[in-house]
Amino acid sequence: MRHGKTRFVVGFLALPLALYVWYVVWPFAQSIGYSFTDWGGYSDEQHYIGFANYVRLFNDELIRIAFWHNVFFLITVPLITIGLALFFAFLLNVGGRGNRAGIRGVWGSGVYKIIFFFPQVLSLVLIAVMWQAIYRGDDQGLLNGLLIKTGLVDKDHPLGFVADPTPFLGVPAVLWWILFIAVWGGVGFYLVLFSAAMQSIPKDIYEAALLDGAKRAQTFFRITLPLLWETVQTAWVYLAIVAMDAFALVSSITPGAYFGGGPDHHSELISTYLMRSFLRNGEAGYACAMGVVIFFFTLILTIVSLWATKRDKIEY
């Protein structure tokens with residue numbers, strides 16, 4: 001009976017596993033192999049050059065600039081997105097006034113969830129086009145138009161937004177404007193995720209805490225957050241991975257030929273530099289080396305994040 005079950009499981013998983021190896025694992029292995037060559041990407045001609053691409057990679061000033069831009073998103077995107085999502089989810093689920101029915105969310109919480117989740121139903125292309133119109137750097141842009149009409153901005157000197165390299169808190173302003181889009185697009189999904197997790201927590205726990213004199217802030221930090229820690233941990237790791245690949249937003253919204261990164265590399269990411277090296281410069285081997293570094297950095301980051309945020313499971 002046990003052997004029959006084993007054969008069934010192996011037979012059932014054989015095809016999906018083979019497809020996964022062929023379409024996921026094998027391309028990764030090929031990229032690692034190409035990273036040790038001078039392959040140009042448009043022909044079969046390639047020569048083994050050892051670790052030359054990696055030596056060049058770690059001496060490339062533009063890579064260092066792009067890396068710190070990635071680190072900026074790596075810190076801010078998960079921190080702000082999860083913080084706002086937890087705050088709004090708490091309000092929508094247990095932030096309302098208590099009554100005879102017990103603890104409940106704020107009035108109209110169902111409508112708010114739909115509004116917050118709305119960006120998730122939009123395609124990335126539509127989001128990019130919409131924010132390009134909002135951030136447009138002349139009087140035809142939505143934000144500049146509003147600021148000019150209210151007299152806050154001179155018509156002859158509109159704000160550049162995603163074309164603004166001026167540092168703000170040591171970071172180019174263009175990165176802050178991209179960060180706003182990333183948070184705007186992500187908060188709704190995690191709000192719904194945390195809301196679903198909060199609804200599984202018995203309301204009796206909150207009611208008992210409030211009867212004992214606990215404030216809403218205390219119930220959040222002493223009850224909600226510990227019981228949601230596994231969900232928060234998963235969200236943090238996922239957002240960290242997403243933050244490492246903000247390619248779609250940067251390449252479609254920021255100025256610059258071939259995948260954005262402007263102005264003057266002030267919004268450059270490793271992924272945009274990778275694509276430019278591959279498609280414009282014909283340096284596929286060097287681009288593969290970048291991809292390998294991104295892969296292992298993300299893998300190490302995920303393992304460290306899971307280890308650092310590990311907590312004992314709380315049961316109720």
# chains A, B, ... in the order shown; residues from 1 in each chain; ligands from 1

$ closest_atom_pairs --of "segment 197-309 of chain A" --to "segment 44-53 of chain A" --cutoff "12 Å" --atoms "only C-alpha atoms" --output "JSON lines"
{"residue": "A:Glu283", "atom": "CA", "partner": "A:Asn53", "partner_atom": "CA", "distance": 9.8}
{"residue": "A:Ala284", "atom": "CA", "partner": "A:Gln46", "partner_atom": "CA", "distance": 10.1}
{"residue": "A:Gly285", "atom": "CA", "partner": "A:Asn53", "partner_atom": "CA", "distance": 7.2}
{"residue": "A:Tyr286", "atom": "CA", "partner": "A:Asn53", "partner_atom": "CA", "distance": 5.4}
{"residue": "A:Ala287", "atom": "CA", "partner": "A:Asn53", "partner_atom": "CA", "distance": 8.8}
{"residue": "A:Cys288", "atom": "CA", "partner": "A:Asn53", "partner_atom": "CA", "distance": 8.9}
{"residue": "A:Ala289", "atom": "CA", "partner": "A:Asn53", "partner_atom": "CA", "distance": 6.3}
{"residue": "A:Met290", "atom": "CA", "partner": "A:Asn53", "partner_atom": "CA", "distance": 8.7}
{"residue": "A:Gly291", "atom": "CA", "partner": "A:Asn53", "partner_atom": "CA", "distance": 11.6}
{"residue": "A:Val292", "atom": "CA", "partner": "A:Asn53", "partner_atom": "CA", "distance": 11.0}
{"residue": "A:Val293", "atom": "CA", "partner": "A:Asn53", "partner_atom": "CA", "distance": 11.1}

$ select_by_dssp --residues "segment 19-86 of chain A" --states "alpha helix (DSSP H)" --output "PyMOL selection string"
chain A and resi 19-20+26-34+52-58+61-86

$ closest_residue --among "A:Ala217, A:Val55, A:Leu143, A:Ala246" --to "Met130 of chain A" --atoms "only C-alpha atoms"
A:Leu143

$ closest_atom_pairs --of "segment 32-99 of chain A" --to "segment 263-277 of chain A" --cutoff "12 Å" --atoms "only C-alpha atoms" --output "CSV"
residue,atom,partner,partner_atom,distance
A:Trp39,CA,A:Ser277,CA,11.7
A:Gly40,CA,A:Ser277,CA,9.6
A:Gly41,CA,A:Ser277,CA,10.1
A:Leu57,CA,A:Ile270,CA,10.8
A:Asp60,CA,A:Tyr273,CA,11.2
A:Glu61,CA,A:His265,CA,11.2
A:Leu62,CA,A:His265,CA,8.0
A:Ile63,CA,A:Ile270,CA,6.4
A:Arg64,CA,A:Ile270,CA,8.8
A:Ile65,CA,A:Glu268,CA,7.3
A:Ala66,CA,A:Leu269,CA,4.3
A:Phe67,CA,A:Ile270,CA,6.2
A:Trp68,CA,A:Leu269,CA,8.4
A:His69,CA,A:Leu269,CA,6.2
A:Asn70,CA,A:Leu269,CA,6.1
A:Val71,CA,A:Leu269,CA,9.7
A:Phe72,CA,A:Leu269,CA,10.4
A:Phe73,CA,A:Leu269,CA,10.0
A:Leu74,CA,A:Leu269,CA,11.6

$ closest_residue --among "A:Val111, A:Ile223, A:Met198, A:Ile253" --to "Val174 of chain A" --atoms "only C-alpha atoms"
A:Ile253

$ atom_distance --atom1 "atom CA of Ala196 of chain A" --atom2 "atom CA of Thr298 of chain A"
28.0 Å

$ closest_atom_pairs --of "segment 146-262 of chain A" --to "segment 299-304 of chain A" --cutoff "8 Å" --atoms "only C-alpha atoms" --output "CSV"
residue,atom,partner,partner_atom,distance
A:Val237,CA,A:Thr302,CA,6.0
A:Ala240,CA,A:Thr302,CA,7.9
A:Ile241,CA,A:Thr302,CA,7.8

$ write_last_selection --atoms "C-alpha atoms" --output "compact mmCIF listing (two decimals), in the first residue's frame"
# COMPACT_ATOMS: atom_id res chain seq x y z
CA VAL A 237 10.04 38.84 2.91
CA ALA A 240 11.77 42.79 0.23
CA ILE A 241 11.96 40.64 -2.88

$ select_by_dssp --residues "segment 123-198 of chain A" --states "strand (DSSP E)" --output "PyMOL selection string"
chain A and resi 167-168+171-172

$ write_last_selection --atoms "all heavy atoms" --output "JSON list (two decimals), in the first residue's frame"
[["chain", "number", "residue", "atom", "x", "y", "z"],
["A", 167, "PRO", "N", 18.64, 66.08, -4.03],
["A", 167, "PRO", "CA", 18.62, 65.19, -2.86],
["A", 167, "PRO", "C", 17.61, 65.64, -1.82],
["A", 167, "PRO", "O", 17.45, 66.82, -1.54],
["A", 167, "PRO", "CB", 20.06, 65.29, -2.31],
["A", 167, "PRO", "CG", 20.87, 65.85, -3.42],
["A", 167, "PRO", "CD", 19.95, 66.75, -4.19],
["A", 168, "PHE", "N", 16.92, 64.68, -1.24],
["A", 168, "PHE", "CA", 16.02, 64.92, -0.11],
["A", 168, "PHE", "C", 16.33, 63.86, 0.93],
["A", 168, "PHE", "O", 16.19, 62.67, 0.67],
["A", 168, "PHE", "CB", 14.56, 64.84, -0.54],
["A", 168, "PHE", "CG", 13.58, 65.01, 0.59],
["A", 168, "PHE", "CD1", 13.39, 66.26, 1.17],
["A", 168, "PHE", "CD2", 12.87, 63.93, 1.10],
["A", 168, "PHE", "CE1", 12.50, 66.43, 2.22],
["A", 168, "PHE", "CE2", 11.98, 64.08, 2.15],
["A", 168, "PHE", "CZ", 11.79, 65.34, 2.71],
["A", 171, "VAL", "N", 18.72, 61.33, -0.40],
["A", 171, "VAL", "CA", 18.27, 60.44, -1.46],
["A", 171, "VAL", "C", 17.67, 61.29, -2.58],
["A", 171, "VAL", "O", 16.92, 62.23, -2.30],
["A", 171, "VAL", "CB", 17.21, 59.45, -0.93],
["A", 171, "VAL", "CG1", 16.70, 58.55, -2.05],
["A", 171, "VAL", "CG2", 17.79, 58.61, 0.21],
["A", 172, "PRO", "N", 17.99, 60.99, -3.85],
["A", 172, "PRO", "CA", 17.40, 61.77, -4.95],
["A", 172, "PRO", "C", 15.88, 61.80, -4.87],
["A", 172, "PRO", "O", 15.23, 60.79, -4.58],
["A", 172, "PRO", "CB", 17.87, 61.02, -6.20],
["A", 172, "PRO", "CG", 19.14, 60.36, -5.77],
["A", 172, "PRO", "CD", 18.94, 59.98, -4.33]]

$ residues_around --residues "Ser251 of chain A" --least-positions-apart "2" --cutoff "7 Å" --atoms "only C-alpha atoms" --output "mmCIF file with N, CA and C atoms, in the first residue's frame"
data_model
loop_
_atom_site.group_PDB
_atom_site.id
_atom_site.type_symbol
_atom_site.label_atom_id
_atom_site.label_comp_id
_atom_site.auth_asym_id
_atom_site.auth_seq_id
_atom_site.Cartn_x
_atom_site.Cartn_y
_atom_site.Cartn_z
ATOM 1 N N PHE A 247 12.024 47.243 -11.222
ATOM 2 C CA PHE A 247 12.372 47.526 -12.615
ATOM 3 C C PHE A 247 11.204 48.120 -13.386
ATOM 4 N N ALA A 248 10.020 47.535 -13.235
ATOM 5 C CA ALA A 248 8.880 47.953 -14.053
ATOM 6 C C ALA A 248 8.553 49.428 -13.834
ATOM 7 N N LEU A 249 8.518 49.864 -12.585
ATOM 8 C CA LEU A 249 8.184 51.257 -12.298
ATOM 9 C C LEU A 249 9.262 52.207 -12.815
ATOM 10 N N ILE A 253 8.604 54.903 -15.966
ATOM 11 C CA ILE A 253 8.217 56.238 -15.498
ATOM 12 C C ILE A 253 9.369 57.231 -15.542
ATOM 13 N N THR A 254 10.586 56.793 -15.222
ATOM 14 C CA THR A 254 11.704 57.730 -15.158
ATOM 15 C C THR A 254 12.270 58.014 -16.544
ATOM 16 N N PHE A 259 15.188 51.831 -20.788
ATOM 17 C CA PHE A 259 14.779 51.383 -19.452
ATOM 18 C C PHE A 259 14.996 52.418 -18.357
ATOM 19 N N GLY A 260 14.910 53.684 -18.667
ATOM 20 C CA GLY A 260 14.914 54.723 -17.644
ATOM 21 C C GLY A 260 16.199 54.766 -16.844
ATOM 22 N N GLY A 261 16.029 55.062 -15.553
ATOM 23 C CA GLY A 261 17.192 55.195 -14.681
ATOM 24 C C GLY A 261 17.663 56.617 -14.514
ATOM 25 N N THR A 272 17.719 47.740 -14.004
ATOM 26 C CA THR A 272 17.699 48.588 -15.202
ATOM 27 C C THR A 272 19.072 48.605 -15.873
#

$ closest_residue --among "A:Leu175, A:Leu228, A:Ile134, A:Leu122" --to "Leu159 of chain A" --atoms "only C-alpha atoms"
A:Ile134

$ atom_distance --atom1 "atom CA of Ile181 of chain A" --atom2 "atom CA of Gly160 of chain A"
15.7 Å

$ atom_distance --atom1 "atom CA of Phe194 of chain A" --atom2 "atom CA of Phe117 of chain A"
12.4 Å
